[in-house]
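Asker: final.pdb is reproduced in full below (PDB, C-alpha atoms).
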ATOM      1  CA  MET A   1       7.413 -53.419  27.456
ATOM      2  CA  LYS A   2       7.412 -52.216  31.080
ATOM      3  CA  ARG A   3      11.229 -52.045  31.061
ATOM      4  CA  ILE A   4      11.295 -49.963  27.893
ATOM      5  CA  PHE A   5       8.655 -47.597  29.281
ATOM      6  CA  LEU A   6      10.582 -47.152  32.554
ATOM      7  CA  PHE A   7      13.836 -46.635  30.627
ATOM      8  CA  ILE A   8      12.325 -43.907  28.430
ATOM      9  CA  LEU A   9      10.500 -42.239  31.323
ATOM     10  CA  THR A  10      13.643 -42.228  33.469
ATOM     11  CA  ASN A  11      15.758 -40.715  30.709
ATOM     12  CA  LEU A  12      13.179 -38.005  29.997
ATOM     13  CA  ALA A  13      13.077 -37.140  33.710
ATOM     14  CA  VAL A  14      16.890 -36.937  33.837
ATOM     15  CA  ILE A  15      16.979 -34.676  30.756
ATOM     16  CA  LEU A  16      14.315 -32.405  32.277
ATOM     17  CA  ILE A  17      16.177 -32.106  35.589
ATOM     18  CA  LEU A  18      19.522 -31.443  33.902
ATOM     19  CA  SER A  19      17.955 -28.868  31.559
ATOM     20  CA  ILE A  20      16.670 -26.990  34.613
ATOM     21  CA  VAL A  21      20.156 -27.156  36.166
ATOM     22  CA  LEU A  22      21.681 -25.779  32.942
ATOM     23  CA  ASN A  23      19.248 -22.853  32.941
ATOM     24  CA  LEU A  24      19.957 -22.134  36.624
ATOM     25  CA  LEU A  25      23.703 -22.120  35.890
ATOM     26  CA  GLY A  26      23.211 -19.948  32.813
ATOM     27  CA  ILE A  27      24.778 -22.478  30.430
ATOM     28  CA  GLY A  28      22.004 -22.478  27.864
ATOM     29  CA  ARG A  29      24.036 -21.499  24.813
ATOM     30  CA  VAL A  30      27.052 -23.325  23.423
ATOM     31  CA  LEU A  31      27.583 -20.941  20.490
ATOM     32  CA  ASP A  32      29.377 -17.607  20.719
ATOM     33  CA  ALA A  33      27.434 -14.327  20.733
ATOM     34  CA  GLN A  34      27.421 -14.197  16.923
ATOM     35  CA  GLY A  35      26.066 -17.741  16.646
ATOM     36  CA  ILE A  36      28.959 -18.868  14.454
ATOM     37  CA  ASP A  37      31.658 -20.561  16.555
ATOM     38  CA  LEU A  38      31.411 -22.789  19.597
ATOM     39  CA  ASP A  39      31.931 -21.295  23.033
ATOM     40  CA  LEU A  40      34.153 -24.126  24.287
ATOM     41  CA  ARG A  41      33.909 -23.112  27.948
ATOM     42  CA  SER A  42      30.096 -23.168  27.848
ATOM     43  CA  LEU A  43      30.169 -26.405  25.858
ATOM     44  CA  LEU A  44      32.425 -28.017  28.468
ATOM     45  CA  GLY A  45      30.058 -26.858  31.237
ATOM     46  CA  PHE A  46      27.092 -28.244  29.294
ATOM     47  CA  ALA A  47      28.893 -31.559  28.739
ATOM     48  CA  ALA A  48      29.912 -31.801  32.410
ATOM     49  CA  VAL A  49      26.382 -31.128  33.675
ATOM     50  CA  PHE A  50      24.932 -33.805  31.403
ATOM     51  CA  GLY A  51      27.892 -36.190  31.776
ATOM     52  CA  PHE A  52      28.175 -36.162  35.553
ATOM     53  CA  GLY A  53      24.560 -35.280  36.226
ATOM     54  CA  GLY A  54      23.186 -38.201  34.227
ATOM     55  CA  SER A  55      25.645 -40.596  35.802
ATOM     56  CA  LEU A  56      25.002 -39.482  39.400
ATOM     57  CA  ILE A  57      21.220 -39.314  38.984
ATOM     58  CA  SER A  58      21.282 -42.837  37.539
ATOM     59  CA  LEU A  59      23.308 -44.000  40.533
ATOM     60  CA  ALA A  60      20.936 -42.273  42.971
ATOM     61  CA  MET A  61      18.017 -44.101  41.332
ATOM     62  CA  SER A  62      19.849 -47.399  40.945
ATOM     63  CA  LYS A  63      18.246 -49.251  43.866
ATOM     64  CA  TRP A  64      14.737 -48.254  42.845
ATOM     65  CA  THR A  65      15.431 -48.998  39.182
ATOM     66  CA  ALA A  66      17.100 -52.362  39.845
ATOM     67  CA  LYS A  67      14.202 -53.534  41.994
ATOM     68  CA  ARG A  68      11.620 -52.534  39.371
ATOM     69  CA  LEU A  69      13.472 -53.852  36.337
ATOM     70  CA  THR A  70      14.370 -57.223  37.854
ATOM     71  CA  GLY A  71      11.193 -57.632  39.899
ATOM     72  CA  ALA A  72      13.380 -58.161  42.965
ATOM     73  CA  ARG A  73      11.556 -58.875  46.206
ATOM     74  CA  VAL A  74      13.242 -57.339  49.244
ATOM     75  CA  ILE A  75      13.317 -59.711  52.192
ATOM     76  CA  GLY A  76      11.873 -57.667  55.047
ATOM     77  CA  SER A  77      11.342 -60.577  57.389
ATOM     78  CA  PRO A  78      12.495 -63.999  56.197
ATOM     79  CA  LYS A  79       9.665 -66.391  55.289
ATOM     80  CA  ASN A  80      11.704 -69.584  55.341
ATOM     81  CA  GLU A  81      15.017 -71.062  56.399
ATOM     82  CA  GLY A  82      16.715 -70.244  53.087
ATOM     83  CA  GLU A  83      15.795 -66.562  53.287
ATOM     84  CA  ALA A  84      16.895 -66.420  56.930
ATOM     85  CA  TRP A  85      20.275 -67.923  55.979
ATOM     86  CA  LEU A  86      20.648 -65.418  53.116
ATOM     87  CA  VAL A  87      19.870 -62.387  55.310
ATOM     88  CA  ASN A  88      22.116 -63.608  58.144
ATOM     89  CA  THR A  89      24.985 -64.273  55.745
ATOM     90  CA  VAL A  90      24.746 -60.765  54.258
ATOM     91  CA  LYS A  91      24.467 -59.273  57.757
ATOM     92  CA  ARG A  92      27.561 -61.134  58.970
ATOM     93  CA  GLN A  93      29.596 -60.104  55.910
ATOM     94  CA  ALA A  94      28.426 -56.476  56.126
ATOM     95  CA  GLU A  95      29.473 -56.295  59.777
ATOM     96  CA  ARG A  96      32.850 -57.810  58.895
ATOM     97  CA  ALA A  97      33.276 -55.241  56.092
ATOM     98  CA  GLY A  98      32.293 -52.364  58.392
ATOM     99  CA  ILE A  99      29.261 -51.215  56.403
ATOM    100  CA  GLY A 100      25.582 -50.813  57.196
ATOM    101  CA  MET A 101      23.231 -53.710  56.543
ATOM    102  CA  PRO A 102      22.216 -53.672  52.867
ATOM    103  CA  GLU A 103      18.720 -54.489  51.733
ATOM    104  CA  VAL A 104      18.664 -58.140  50.660
ATOM    105  CA  ALA A 105      16.514 -59.121  47.696
ATOM    106  CA  VAL A 106      15.785 -62.133  45.511
ATOM    107  CA  PHE A 107      14.754 -61.880  41.871
ATOM    108  CA  ASP A 108      13.268 -64.566  39.701
ATOM    109  CA  SER A 109      15.689 -65.761  37.026
ATOM    110  CA  PRO A 110      16.836 -69.238  36.006
ATOM    111  CA  ASP A 111      20.390 -67.943  35.485
ATOM    112  CA  PRO A 112      22.814 -67.753  38.416
ATOM    113  CA  ASN A 113      23.279 -64.025  38.933
ATOM    114  CA  ALA A 114      23.807 -61.430  41.673
ATOM    115  CA  PHE A 115      24.391 -57.705  41.919
ATOM    116  CA  ALA A 116      24.956 -54.901  44.390
ATOM    117  CA  THR A 117      23.894 -51.320  43.855
ATOM    118  CA  GLY A 118      23.196 -48.099  45.680
ATOM    119  CA  MET A 119      24.727 -44.678  46.023
ATOM    120  CA  TRP A 120      25.832 -45.033  49.632
ATOM    121  CA  ARG A 121      27.805 -47.772  51.388
ATOM    122  CA  ASN A 122      25.416 -47.865  54.308
ATOM    123  CA  ARG A 123      22.216 -47.898  52.239
ATOM    124  CA  SER A 124      22.867 -50.370  49.466
ATOM    125  CA  LEU A 125      21.086 -53.340  47.932
ATOM    126  CA  VAL A 126      22.419 -56.854  47.406
ATOM    127  CA  ALA A 127      20.257 -59.101  45.238
ATOM    128  CA  VAL A 128      20.596 -62.702  44.108
ATOM    129  CA  SER A 129      18.669 -64.702  41.540
ATOM    130  CA  THR A 130      16.594 -67.759  42.286
ATOM    131  CA  GLY A 131      18.800 -69.604  39.781
ATOM    132  CA  LEU A 132      21.880 -68.810  41.846
ATOM    133  CA  LEU A 133      20.228 -70.085  45.021
ATOM    134  CA  ARG A 134      19.071 -73.281  43.282
ATOM    135  CA  THR A 135      22.314 -74.189  41.525
ATOM    136  CA  MET A 136      24.995 -73.233  44.043
ATOM    137  CA  SER A 137      25.940 -74.591  47.455
ATOM    138  CA  HIS A 138      25.843 -72.391  50.567
ATOM    139  CA  GLU A 139      29.617 -71.979  50.396
ATOM    140  CA  GLU A 140      29.459 -70.848  46.750
ATOM    141  CA  VAL A 141      26.595 -68.431  47.448
ATOM    142  CA  GLU A 142      28.553 -67.077  50.404
ATOM    143  CA  GLY A 143      31.493 -66.410  48.075
ATOM    144  CA  VAL A 144      29.249 -64.562  45.607
ATOM    145  CA  LEU A 145      27.734 -62.510  48.428
ATOM    146  CA  GLY A 146      31.241 -61.683  49.692
ATOM    147  CA  HIS A 147      32.104 -60.429  46.223
ATOM    148  CA  GLU A 148      29.020 -58.186  46.148
ATOM    149  CA  ILE A 149      29.630 -56.912  49.687
ATOM    150  CA  SER A 150      33.198 -56.021  48.685
ATOM    151  CA  HIS A 151      31.792 -53.839  45.864
ATOM    152  CA  VAL A 152      29.662 -52.002  48.419
ATOM    153  CA  ALA A 153      32.474 -51.680  50.994
ATOM    154  CA  ASN A 154      34.926 -50.357  48.384
ATOM    155  CA  GLY A 155      32.423 -47.803  47.051
ATOM    156  CA  ASP A 156      32.755 -49.285  43.572
ATOM    157  CA  MET A 157      29.358 -48.012  42.404
ATOM    158  CA  LEU A 158      30.257 -44.380  43.164
ATOM    159  CA  THR A 159      33.733 -44.790  41.663
ATOM    160  CA  LEU A 160      32.282 -46.212  38.451
ATOM    161  CA  ALA A 161      29.652 -43.461  38.320
ATOM    162  CA  LEU A 162      32.398 -40.824  38.549
ATOM    163  CA  ILE A 163      34.436 -42.548  35.841
ATOM    164  CA  GLN A 164      31.299 -42.768  33.716
ATOM    165  CA  GLY A 165      30.740 -39.045  34.334
ATOM    166  CA  VAL A 166      34.225 -38.202  33.023
ATOM    167  CA  VAL A 167      33.778 -40.429  29.969
ATOM    168  CA  ASN A 168      30.290 -39.027  29.305
ATOM    169  CA  THR A 169      31.584 -35.458  29.567
ATOM    170  CA  PHE A 170      34.313 -35.996  27.003
ATOM    171  CA  VAL A 171      32.075 -37.981  24.656
ATOM    172  CA  ILE A 172      29.415 -35.245  24.731
ATOM    173  CA  PHE A 173      32.040 -32.505  24.330
ATOM    174  CA  LEU A 174      33.917 -34.161  21.467
ATOM    175  CA  SER A 175      30.771 -35.281  19.633
ATOM    176  CA  ARG A 176      29.450 -31.690  19.681
ATOM    177  CA  VAL A 177      32.785 -30.338  18.402
ATOM    178  CA  VAL A 178      32.862 -32.925  15.597
ATOM    179  CA  GLY A 179      29.196 -32.241  14.773
ATOM    180  CA  HIS A 180      29.899 -28.514  14.607
ATOM    181  CA  LEU A 181      32.882 -29.057  12.275
ATOM    182  CA  VAL A 182      30.904 -31.384   9.997
ATOM    183  CA  ASP A 183      28.124 -28.783   9.798
ATOM    184  CA  ARG A 184      30.563 -26.047   8.786
ATOM    185  CA  VAL A 185      32.637 -28.113   6.337
ATOM    186  CA  VAL A 186      30.187 -30.651   4.840
ATOM    187  CA  PHE A 187      26.751 -29.043   5.204
ATOM    188  CA  ARG A 188      28.081 -25.478   4.813
ATOM    189  CA  THR A 189      26.019 -24.250   7.759
ATOM    190  CA  GLU A 190      27.222 -20.716   8.442
ATOM    191  CA  ARG A 191      25.243 -19.831  11.561
ATOM    192  CA  GLY A 192      23.637 -21.831  14.346
ATOM    193  CA  HIS A 193      23.464 -25.595  14.467
ATOM    194  CA  GLY A 194      23.109 -27.918  11.492
ATOM    195  CA  PRO A 195      22.018 -31.543  11.274
ATOM    196  CA  ALA A 196      25.376 -33.046  12.306
ATOM    197  CA  PHE A 197      25.473 -31.118  15.592
ATOM    198  CA  ILE A 198      21.950 -32.213  16.463
ATOM    199  CA  ILE A 199      22.603 -35.847  15.488
TER     200      ILE A 199
END
Show me this structure written as structure tokens.
Answerer:
Amino acid sequence: MKRIFLFILTNLAVILILSIVLNLLGIGRVLDAQGIDLDLRSLLGFAAVFGFGGSLISLAMSKWTAKRLTGARVIGSPKNEGEAWLVNTVKRQAERAGIGMPEVAVFDSPDPNAFATGMWRNRSLVAVSTGLLRTMSHEEVEGVLGHEISHVANGDMLTLALIQGVVNTFVIFLSRVVGHLVDRVVFRTERGHGPAFII
């Protein structure tokens, strides 16, 4: 239930922020002055703000969100030998990759799993599950950590967010065009938006 609440709250906050950005940019209307046809330039601006904005805001919040949704505990100062080994291994690999030391976290899950997230290479998060630490040898865990560190070093999270922004922009743009056409042809809406555009 907590995850669903955070998901809904986050999305409402993103929509509010992007709506303010749209108003500041003056891209509030996607119909022409007569309210009949789409203003494709305004629609593309609208789609780009929501497409890229949603993607980049999600990336900016990714560390905070990942920690909350997985219940990950960041290792500030290691409490045992295993945590010390984990932090030292990440530190060694980060230095080798030429990036800043990521936050290291452990989350409770019986499944072997790991992830890296964060908007910036030098302020990222690498997290592993308790299941991964229990079922894999040090060498195997080191390989998984190397994989995650390589994502951070290559800037994969930002690259994927930008790709997602492009995809989102075109999906929003095309879905609004199709919705507008369905309203005009099927629902015979002559002015404004009909149900297909809103859906």
Asker: Run through the PyMOL selection byres ((chain A and resi 169-173) around 8) on the given coordinates and return the selected residues as a list of chain:residue names.
Answerer: A:Leu43, A:Leu44, A:Ala47, A:Ala48, A:Val49, A:Phe50, A:Gly51, A:Phe52, A:Gly165, A:Val166, A:Val167, A:Asn168, A:Leu174, A:Ser175, A:Arg176, A:Val177
Asker: Just want the 12 Å neighbourhood of region 62-78 of chain A, counted on all atoms listed in the file, with same-chain residues fewer than 2 positions away dropped. Output as a VMD selection string.
Answerer: chain A and resid 1 to 7 9 to 11 54 to 60 80 to 88 90 102 to 109 113 to 120 123 to 130 157 to 158 161
Asker: Counting all atoms listed in the file, which of A:Ile15, A:Ala97, A:Met61, A:Val185 gets nearest to Val152 (chain A)?
Answerer: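 Ranking A:Ile15, A:Ala97, A:Met61, A:Val185 by distance to Val152 (chain A), first place goes to A:Ala97.
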Asker: Can you tell me how far CA of Val144 (chain A) sits from CA of Lys79 (chain A), in Å to one decimal?
Answerer: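 CA of Lys79 (chain A) lies 21.9 Å from CA of Val144 (chain A).
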Asker: Just give me the gap between CA of Leu24 (chain A) and CA of Gly192 (chain A) in Å, one decimal is fine.
Answerer: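 Spanning CA of Leu24 (chain A) to CA of Gly192 (chain A) is a straight-line distance of 22.6 Å.
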Asker: With distances taken over all atoms listed in the file, which residue among A:Leu133, A:Ala153, A:Leu40, A:Leu12 lies nearest Gln93 (chain A)?
Answerer: A:Ala153
Asker: Excluding Glu142 (chain A) and any residue of its chain fewer than 3 positions from it, enumerate the residues within 9 Å of it, using only C-alpha atoms, and give them as a count of residues only.
Answerer: 10
Asker: Show me as a ChimeraX atom specification the residues that reach within 10 Å of (18.3, -27.0, 24.1), counting all atoms listed in the file and using the file's own coordinates.
Answerer: /A:19,22-23,28-30,198
Asker: Check the smallest atom-to-atom distance from each of A:Phe187, A:Val14, A:Asp39, A:Phe46 to Gly26 (chain A) using all atoms listed in the file, then report the winner.
Answerer: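 Of all the options, A:Phe46 lies closest to Gly26 (chain A).
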Asker: Calculated over only C-alpha atoms, which of the candidates A:Leu18, A:Leu38, A:Leu25, A:Met101 has the smallest distance to Leu181 (chain A)?
Answerer: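 Closest candidate: A:Leu38.
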Asker: Provide the CA of Glu148 (chain A) to CA of Met136 (chain A) distance in Å, to one decimal place.
Answerer: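 Between these atoms lies a distance of 15.7 Å.
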Asker: Need the shell around Val182 (chain A): protein/DNA/RNA residues with any atom at most 8 Å away, counting all atoms listed in the file. Skip same-chain ones fewer than 4 positions apart. Format as a CSV table (one decimal) with C-alpha atoms, keeping the file's coordinate frame?
Answerer:
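Okay, out20.csv is ready:
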chain,number,residue,atom,x,y,z
A,178,VAL,CA,32.9,-32.9,15.6
A,186,VAL,CA,30.2,-30.7,4.8
A,187,PHE,CA,26.8,-29.0,5.2
A,196,ALA,CA,25.4,-33.0,12.3
A,197,PHE,CA,25.5,-31.1,15.6
Asker: Which residue, A:Arg96, A:Pro195, A:Gly155, A:Gln164, has the smallest gap to Gly53 (chain A) when you use only C-alpha atoms?
Answerer: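 Among the listed residues, A:Gln164 lies closest to Gly53 (chain A).
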Asker: Taking all atoms listed in the file into account, which of A:Leu31, A:Leu160, A:Leu16, A:Ile8 comes nearest His180 (chain A)?
Answerer: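 Looking at the shortest contact to His180 (chain A), the residue is A:Leu31.
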Asker: I'd like the contact shell of Gly98 (chain A) - 12 Å cut-off, only C-alpha atoms, skipping same-chain residues fewer than 6 positions apart - returned as a list in words.
Answerer: Lys91, Arg92, Arg121, Asn122, Ile149, Ser150, Val152, Ala153 and Asn154 of chain A
